[in-house]
>>> print(open('query_0.txt').read())   # compact mmCIF, C-alpha atoms
# COMPACT_ATOMS: atom_id res chain seq x y z
CA PRO Z 1 -64.90 -10.77 -2.34
CA PHE Z 2 -65.26 -14.38 -1.21
CA THR Z 3 -68.87 -15.05 -2.22
CA GLN Z 4 -67.92 -16.91 -5.38
CA SER Z 5 -65.65 -19.89 -4.93
CA LYS Z 6 -62.66 -19.79 -7.25
CA GLY Z 7 -61.22 -23.07 -6.01
CA ILE Z 8 -60.02 -24.63 -2.79
CA VAL Z 9 -57.81 -22.21 -0.84
CA GLN Z 10 -54.27 -23.54 -0.32
CA ALA Z 11 -52.46 -20.54 1.21
CA ILE Z 12 -53.09 -16.90 2.11
CA SER Z 13 -50.99 -13.82 2.86
CA PHE Z 14 -51.51 -10.13 3.53
CA HIS Z 15 -49.70 -7.40 1.62
CA PRO Z 16 -47.16 -5.72 3.95
CA THR Z 17 -48.06 -2.10 3.14
CA LYS Z 18 -51.43 -2.00 1.32
CA PRO Z 19 -54.90 -3.27 2.26
CA HIS Z 20 -54.48 -6.22 -0.09
CA PHE Z 21 -54.88 -9.91 0.49
CA PHE Z 22 -53.43 -12.83 -1.54
CA VAL Z 23 -55.40 -16.06 -1.90
CA CYS Z 24 -53.79 -19.12 -3.50
CA THR Z 25 -55.84 -21.92 -5.02
CA HIS Z 26 -54.32 -25.03 -6.63
CA VAL Z 27 -52.93 -23.18 -9.65
CA GLN Z 28 -53.79 -19.45 -9.34
CA VAL Z 29 -53.17 -16.52 -7.02
CA PHE Z 30 -55.80 -13.83 -6.56
CA GLN Z 31 -54.91 -10.41 -5.22
CA TYR Z 32 -57.88 -8.77 -3.50
CA ASN Z 33 -58.27 -5.13 -2.54
CA LEU Z 34 -59.96 -5.31 0.87
CA GLN Z 35 -61.22 -1.70 0.75
CA LYS Z 36 -62.90 -2.04 -2.64
CA GLN Z 37 -63.74 -5.72 -2.02
CA GLN Z 38 -62.76 -6.84 -5.48
CA VAL Z 39 -60.10 -8.84 -7.28
CA ILE Z 40 -57.25 -6.64 -8.54
CA THR Z 41 -55.02 -9.18 -10.25
CA LYS Z 42 -55.07 -12.86 -11.08
CA PHE Z 43 -51.64 -14.52 -11.32
CA GLN Z 44 -51.12 -17.71 -13.35
CA SER Z 45 -48.57 -19.98 -11.68
CA GLY Z 46 -48.24 -22.76 -14.23
CA ALA Z 47 -47.77 -25.11 -11.28
CA LYS Z 48 -49.74 -28.28 -10.65
CA TRP Z 49 -50.36 -27.48 -6.98
CA ILE Z 50 -49.40 -24.46 -4.86
CA SER Z 51 -48.36 -25.17 -1.27
CA SER Z 52 -47.33 -21.79 0.18
CA ILE Z 53 -46.87 -18.07 -0.45
CA SER Z 54 -44.63 -15.37 0.99
CA VAL Z 55 -44.84 -11.69 0.07
CA HIS Z 56 -41.61 -9.67 0.00
CA PRO Z 57 -41.49 -6.94 2.71
CA GLY Z 58 -41.31 -4.30 -0.05
CA GLY Z 59 -44.63 -5.56 -1.40
CA ASP Z 60 -43.85 -5.71 -5.13
CA ASN Z 61 -42.71 -9.35 -5.24
CA PHE Z 62 -43.88 -12.68 -3.89
CA ILE Z 63 -42.78 -16.31 -4.06
CA LEU Z 64 -44.79 -19.49 -4.24
CA GLY Z 65 -43.77 -22.95 -3.09
CA THR Z 66 -45.29 -25.82 -5.04
CA TYR Z 67 -45.80 -29.52 -4.53
CA ASP Z 68 -44.18 -30.06 -7.93
CA LYS Z 69 -40.75 -29.06 -6.51
CA LYS Z 70 -40.60 -25.45 -7.75
CA ILE Z 71 -40.21 -22.00 -6.25
CA LEU Z 72 -41.97 -19.43 -8.42
CA TRP Z 73 -40.94 -15.77 -8.12
CA PHE Z 74 -43.45 -13.14 -9.23
CA ASP Z 75 -42.60 -9.49 -9.81
CA MET Z 76 -45.95 -7.67 -9.74
CA ASP Z 77 -44.49 -4.75 -11.71
CA MET Z 78 -43.71 -7.12 -14.61
CA GLY Z 79 -47.21 -8.56 -14.98
CA SER Z 80 -49.16 -11.60 -13.89
CA ASN Z 81 -46.79 -14.31 -15.14
CA VAL Z 82 -43.86 -16.01 -13.40
CA TYR Z 83 -40.64 -13.94 -13.32
CA LYS Z 84 -38.28 -16.74 -12.17
CA ASN Z 85 -38.79 -20.47 -11.90
CA LEU Z 86 -36.38 -22.08 -9.41
CA LYS Z 87 -36.07 -25.86 -9.14
CA TYR Z 88 -33.62 -26.89 -6.43
CA HIS Z 89 -35.53 -29.50 -4.39
CA ASP Z 90 -35.98 -33.21 -5.12
CA LYS Z 91 -39.43 -33.47 -3.52
CA ALA Z 92 -42.46 -31.31 -2.78
CA ILE Z 93 -41.88 -27.87 -1.24
CA ARG Z 94 -43.85 -27.38 1.96
CA ASN Z 95 -43.13 -23.72 2.77
CA VAL Z 96 -41.36 -20.63 1.47
CA GLN Z 97 -40.57 -17.58 3.58
CA PHE Z 98 -39.00 -14.15 3.05
CA SER Z 99 -36.95 -12.64 5.85
CA HIS Z 100 -38.42 -9.32 6.98
CA LYS Z 101 -35.03 -7.87 7.89
CA TRP Z 102 -32.46 -9.46 5.54
CA PRO Z 103 -32.46 -9.88 1.73
CA LEU Z 104 -32.92 -13.62 2.16
CA PHE Z 105 -35.63 -16.17 1.58
CA THR Z 106 -35.86 -19.86 2.30
CA SER Z 107 -37.71 -22.98 1.30
CA CYS Z 108 -38.22 -26.33 2.99
CA SER Z 109 -39.09 -29.60 1.33
CA ASP Z 110 -40.09 -33.21 1.81
CA ASP Z 111 -36.53 -34.17 0.87
CA GLY Z 112 -35.59 -32.92 4.37
CA SER Z 113 -33.55 -29.97 3.15
CA VAL Z 114 -33.90 -26.26 3.79
CA HIS Z 115 -32.52 -24.00 1.06
CA VAL Z 116 -31.46 -20.42 1.76
CA PHE Z 117 -31.39 -17.91 -1.10
CA TYR Z 118 -30.15 -14.36 -1.44
CA GLY Z 119 -33.03 -12.42 -2.99
CA MET Z 120 -32.22 -8.76 -3.53
CA VAL Z 121 -35.02 -6.52 -4.77
CA TYR Z 122 -33.80 -3.16 -6.03
CA ASN Z 123 -35.64 0.17 -5.76
CA ASP Z 124 -34.72 0.92 -9.38
CA LEU Z 125 -37.55 -0.42 -11.54
CA LEU Z 126 -35.16 -0.92 -14.45
CA GLN Z 127 -33.07 -3.42 -12.48
CA ASN Z 128 -34.45 -6.93 -12.04
CA ALA Z 129 -34.34 -8.83 -8.77
CA LEU Z 130 -31.19 -10.83 -8.06
CA VAL Z 131 -31.66 -14.41 -6.83
CA VAL Z 132 -28.63 -16.47 -5.75
CA PRO Z 133 -28.62 -19.83 -3.91
CA VAL Z 134 -26.63 -19.47 -0.68
CA LYS Z 135 -26.80 -22.62 1.45
CA ILE Z 136 -28.45 -26.04 1.64
CA LEU Z 137 -29.19 -27.21 5.16
CA ASN Z 138 -29.93 -30.90 5.55
CA ALA Z 139 -32.03 -30.15 8.58
CA HIS Z 140 -34.35 -33.15 8.75
CA ALA Z 141 -34.26 -36.77 7.71
CA PRO Z 142 -37.16 -37.71 5.44
CA ASN Z 143 -39.64 -40.00 7.14
CA LYS Z 144 -39.61 -43.34 5.32
CA ALA Z 145 -43.11 -44.25 6.48
CA ASN Z 146 -44.94 -41.21 5.07
CA GLY Z 147 -42.32 -39.61 2.76
CA LEU Z 148 -42.41 -36.26 4.56
CA GLY Z 149 -39.34 -34.22 5.53
CA ALA Z 150 -38.99 -30.57 6.55
CA MET Z 151 -42.52 -29.29 7.16
CA ASP Z 152 -42.08 -25.60 8.00
CA VAL Z 153 -39.47 -22.87 8.19
CA GLN Z 154 -39.66 -19.41 9.78
CA TRP Z 155 -37.19 -16.54 10.15
CA HIS Z 156 -36.30 -14.97 13.48
CA PRO Z 157 -37.66 -11.38 13.51
CA ALA Z 158 -34.32 -9.70 14.37
CA GLN Z 159 -31.52 -12.19 13.65
CA PRO Z 160 -30.56 -14.15 10.52
CA TRP Z 161 -31.70 -17.37 12.20
CA LEU Z 162 -34.00 -20.07 10.88
CA PHE Z 163 -36.40 -22.23 12.82
CA THR Z 164 -37.54 -25.43 11.17
CA CYS Z 165 -39.72 -28.36 12.06
CA GLY Z 166 -39.73 -31.80 10.50
CA SER Z 167 -42.00 -34.78 10.27
CA GLU Z 168 -39.67 -36.73 12.60
CA GLY Z 169 -40.74 -34.43 15.48
CA LYS Z 170 -37.60 -32.28 15.77
>>> encode(input="query_0.txt", output="structure tokens")
Amino acid sequence: PFTQSKGIVQAISFHPTKPHFFVCTHVQVFQYNLQKQQVITKFQSGAKWISSISVHPGGDNFILGTYDKKILWFDMDMGSNVYKNLKYHDKAIRNVQFSHKWPLFTSCSDDGSVHVFYGMVYNDLLQNALVVPVKILNAHAPNKANGLGAMDVQWHPAQPWLFTCGSEGK
């Protein structure tokens, strides 16, 4: 599936339950079926530059972080366009991450903040996902020399804890 270049790869992620693989270029996301070795779906982000991807543990939704300060939520059951466009950061988003145990997701940005969101995905296909901002953590001070802030965020596998790292070395 990777013989033809479709752009410079920015981020990748595996599907949690299927043999699928997500590849993000600057502006598009390609979903590959690894058994058939072909592209299944091409998602249009509408963003200028994608920075990160996280696939929901249920497998039907994913979020993108972008360098143009947006979190883009995709519901794969609703098509290949953006379901929700969230703009809560003042600078570029470096990483987005779903929790594997809790209905939460988070984003970290060059503004030094880490945002926590409640993101409930329902089993009923007629009911849309619920996204609610929960907390803003001013975890890291932006570096004045290079303009970078919070660089990465990860969830603890069993607890509702976040681990972050910033450009200041903390």
>>> atom_distance(input="query_0.txt", atom1="CA of Asn95 in chain Z", atom2="CA of Gln38 in chain Z")
27.2 Å
>>> closest_residue(input="query_0.txt", among="Z:Thr66, Z:Gln154, Z:Thr164, Z:Thr41", to="His26 in chain Z", atoms="only C-alpha atoms")
Z:Thr66
>>> atom_distance(input="query_0.txt", atom1="CA of Phe105 in chain Z", atom2="CA of Asp124 in chain Z")
20.3 Å
>>> closest_residue(input="query_0.txt", among="Z:Arg94, Z:Lys70, Z:His89, Z:His56", to="His15 in chain Z", atoms="all atoms listed in the file")
Z:His56
>>> residues_near_point(input="query_0.txt", point="(-34.4, -13.0, -6.7)", cutoff="12 Å", atoms="all atoms listed in the file", output="PyMOL selection string")
chain Z and resi 56+61-63+71-75+82-86+98+103-106+116-122+127-134
>>> residues_around(input="query_0.txt", residues="Gln44 in chain Z", least_positions_apart="2", cutoff="12 Å", atoms="all atoms listed in the file", output="PyMOL selection string")
chain Z and resi 24-31+41-42+46-50+64+72-74+76+79-83
>>> write_last_selection(input="query_0.txt", atoms="C-alpha atoms", output="short mmCIF file (atom, residue, chain, number, x, y, z; two decimals), in the coordinates of the input")
data_model
loop_
_atom_site.label_atom_id
_atom_site.label_comp_id
_atom_site.auth_asym_id
_atom_site.auth_seq_id
_atom_site.Cartn_x
_atom_site.Cartn_y
_atom_site.Cartn_z
CA CYS Z 24 -53.79 -19.12 -3.50
CA THR Z 25 -55.84 -21.92 -5.02
CA HIS Z 26 -54.32 -25.03 -6.63
CA VAL Z 27 -52.93 -23.18 -9.65
CA GLN Z 28 -53.79 -19.45 -9.34
CA VAL Z 29 -53.17 -16.52 -7.02
CA PHE Z 30 -55.80 -13.83 -6.56
CA GLN Z 31 -54.91 -10.41 -5.22
CA THR Z 41 -55.02 -9.18 -10.25
CA LYS Z 42 -55.07 -12.86 -11.08
CA GLY Z 46 -48.24 -22.76 -14.23
CA ALA Z 47 -47.77 -25.11 -11.28
CA LYS Z 48 -49.74 -28.28 -10.65
CA TRP Z 49 -50.36 -27.48 -6.98
CA ILE Z 50 -49.40 -24.46 -4.86
CA LEU Z 64 -44.79 -19.49 -4.24
CA LEU Z 72 -41.97 -19.43 -8.42
CA TRP Z 73 -40.94 -15.77 -8.12
CA PHE Z 74 -43.45 -13.14 -9.23
CA MET Z 76 -45.95 -7.67 -9.74
CA GLY Z 79 -47.21 -8.56 -14.98
CA SER Z 80 -49.16 -11.60 -13.89
CA ASN Z 81 -46.79 -14.31 -15.14
CA VAL Z 82 -43.86 -16.01 -13.40
CA TYR Z 83 -40.64 -13.94 -13.32
#
>>> decode(input="query_0.txt", residues="range 35-46 of chain Z", atoms="all heavy atoms", output="CSV table (one decimal), in the first residue's frame")
chain,number,residue,atom,x,y,z
Z,35,GLN,N,-4.8,-6.3,5.4
Z,35,GLN,CA,-4.9,-7.6,4.8
Z,35,GLN,C,-5.1,-7.5,3.3
Z,35,GLN,O,-4.5,-8.3,2.5
Z,35,GLN,CB,-6.1,-8.3,5.4
Z,35,GLN,CG,-5.9,-8.8,6.8
Z,35,GLN,CD,-7.2,-9.5,7.3
Z,35,GLN,OE1,-8.3,-9.2,7.0
Z,35,GLN,NE2,-6.9,-10.5,8.2
Z,36,LYS,N,-5.9,-6.6,2.8
Z,36,LYS,CA,-6.1,-6.4,1.4
Z,36,LYS,C,-5.0,-5.5,0.7
Z,36,LYS,O,-4.9,-5.5,-0.5
Z,36,LYS,CB,-7.5,-5.8,1.1
Z,36,LYS,CG,-8.6,-6.7,1.5
Z,36,LYS,CD,-9.9,-6.1,1.3
Z,36,LYS,CE,-11.1,-7.0,1.7
Z,36,LYS,NZ,-12.4,-6.3,1.5
Z,37,GLN,N,-4.3,-4.8,1.5
Z,37,GLN,CA,-3.2,-3.9,1.1
Z,37,GLN,C,-3.7,-2.9,0.1
Z,37,GLN,O,-3.2,-2.7,-1.0
Z,37,GLN,CB,-2.0,-4.7,0.5
Z,37,GLN,CG,-1.4,-5.6,1.5
Z,37,GLN,CD,-0.1,-6.3,0.9
Z,37,GLN,OE1,0.2,-6.1,-0.2
Z,37,GLN,NE2,0.5,-7.1,1.7
Z,38,GLN,N,-4.8,-2.2,0.6
Z,38,GLN,CA,-5.3,-1.1,-0.3
Z,38,GLN,C,-6.0,-0.1,0.6
Z,38,GLN,O,-6.3,-0.3,1.8
Z,38,GLN,CB,-6.4,-1.7,-1.2
Z,38,GLN,CG,-7.6,-2.3,-0.6
Z,38,GLN,CD,-8.6,-2.9,-1.6
Z,38,GLN,OE1,-8.2,-3.2,-2.7
Z,38,GLN,NE2,-9.8,-3.2,-1.1
Z,39,VAL,N,-6.1,1.1,0.0
Z,39,VAL,CA,-6.8,2.2,0.7
Z,39,VAL,C,-8.3,2.0,0.8
Z,39,VAL,O,-8.9,1.7,-0.2
Z,39,VAL,CB,-6.5,3.6,0.0
Z,39,VAL,CG1,-7.2,4.7,0.7
Z,39,VAL,CG2,-5.0,3.8,0.0
Z,40,ILE,N,-8.8,2.1,2.0
Z,40,ILE,CA,-10.3,1.9,2.2
Z,40,ILE,C,-11.0,3.3,2.1
Z,40,ILE,O,-11.9,3.4,1.3
Z,40,ILE,CB,-10.6,1.3,3.6
Z,40,ILE,CG1,-10.0,0.0,3.7
Z,40,ILE,CG2,-12.1,1.3,3.8
Z,40,ILE,CD1,-10.1,-0.6,5.1
Z,41,THR,N,-10.5,4.3,2.8
Z,41,THR,CA,-11.1,5.6,2.9
Z,41,THR,C,-10.1,6.7,2.9
Z,41,THR,O,-9.0,6.5,3.5
Z,41,THR,CB,-12.0,5.7,4.2
Z,41,THR,OG1,-12.8,4.5,4.3
Z,41,THR,CG2,-12.9,6.9,4.1
Z,42,LYS,N,-10.4,7.8,2.3
Z,42,LYS,CA,-9.6,9.0,2.3
Z,42,LYS,C,-10.4,10.1,3.0
Z,42,LYS,O,-11.5,10.4,2.6
Z,42,LYS,CB,-9.2,9.4,0.9
Z,42,LYS,CG,-8.3,10.5,0.9
Z,42,LYS,CD,-7.6,10.7,-0.5
Z,42,LYS,CE,-8.6,11.1,-1.6
Z,42,LYS,NZ,-8.0,11.4,-2.8
Z,43,PHE,N,-9.9,10.6,4.1
Z,43,PHE,CA,-10.6,11.6,4.9
Z,43,PHE,C,-9.9,13.0,4.6
Z,43,PHE,O,-8.7,13.1,4.6
Z,43,PHE,CB,-10.4,11.3,6.4
Z,43,PHE,CG,-11.1,10.0,6.8
Z,43,PHE,CD1,-10.3,8.9,6.9
Z,43,PHE,CD2,-12.4,10.0,7.1
Z,43,PHE,CE1,-10.9,7.7,7.3
Z,43,PHE,CE2,-13.0,8.8,7.5
Z,43,PHE,CZ,-12.3,7.6,7.6
Z,44,GLN,N,-10.8,14.0,4.3
Z,44,GLN,CA,-10.4,15.3,4.1
Z,44,GLN,C,-10.5,16.1,5.4
Z,44,GLN,O,-11.5,16.3,5.9
Z,44,GLN,CB,-11.2,16.0,3.0
Z,44,GLN,CG,-11.2,15.3,1.7
Z,44,GLN,CD,-9.8,15.4,1.0
Z,44,GLN,OE1,-9.1,16.3,1.2
Z,44,GLN,NE2,-9.5,14.4,0.2
Z,45,SER,N,-9.3,16.7,5.8
Z,45,SER,CA,-9.3,17.4,7.1
Z,45,SER,C,-9.7,18.8,7.0
Z,45,SER,O,-10.3,19.4,7.9
Z,45,SER,CB,-7.9,17.3,7.8
Z,45,SER,OG,-7.0,18.0,7.0
Z,46,GLY,N,-9.4,19.5,5.9
Z,46,GLY,CA,-9.6,20.9,5.8
Z,46,GLY,C,-8.6,21.7,6.6
Z,46,GLY,O,-8.7,22.9,6.6
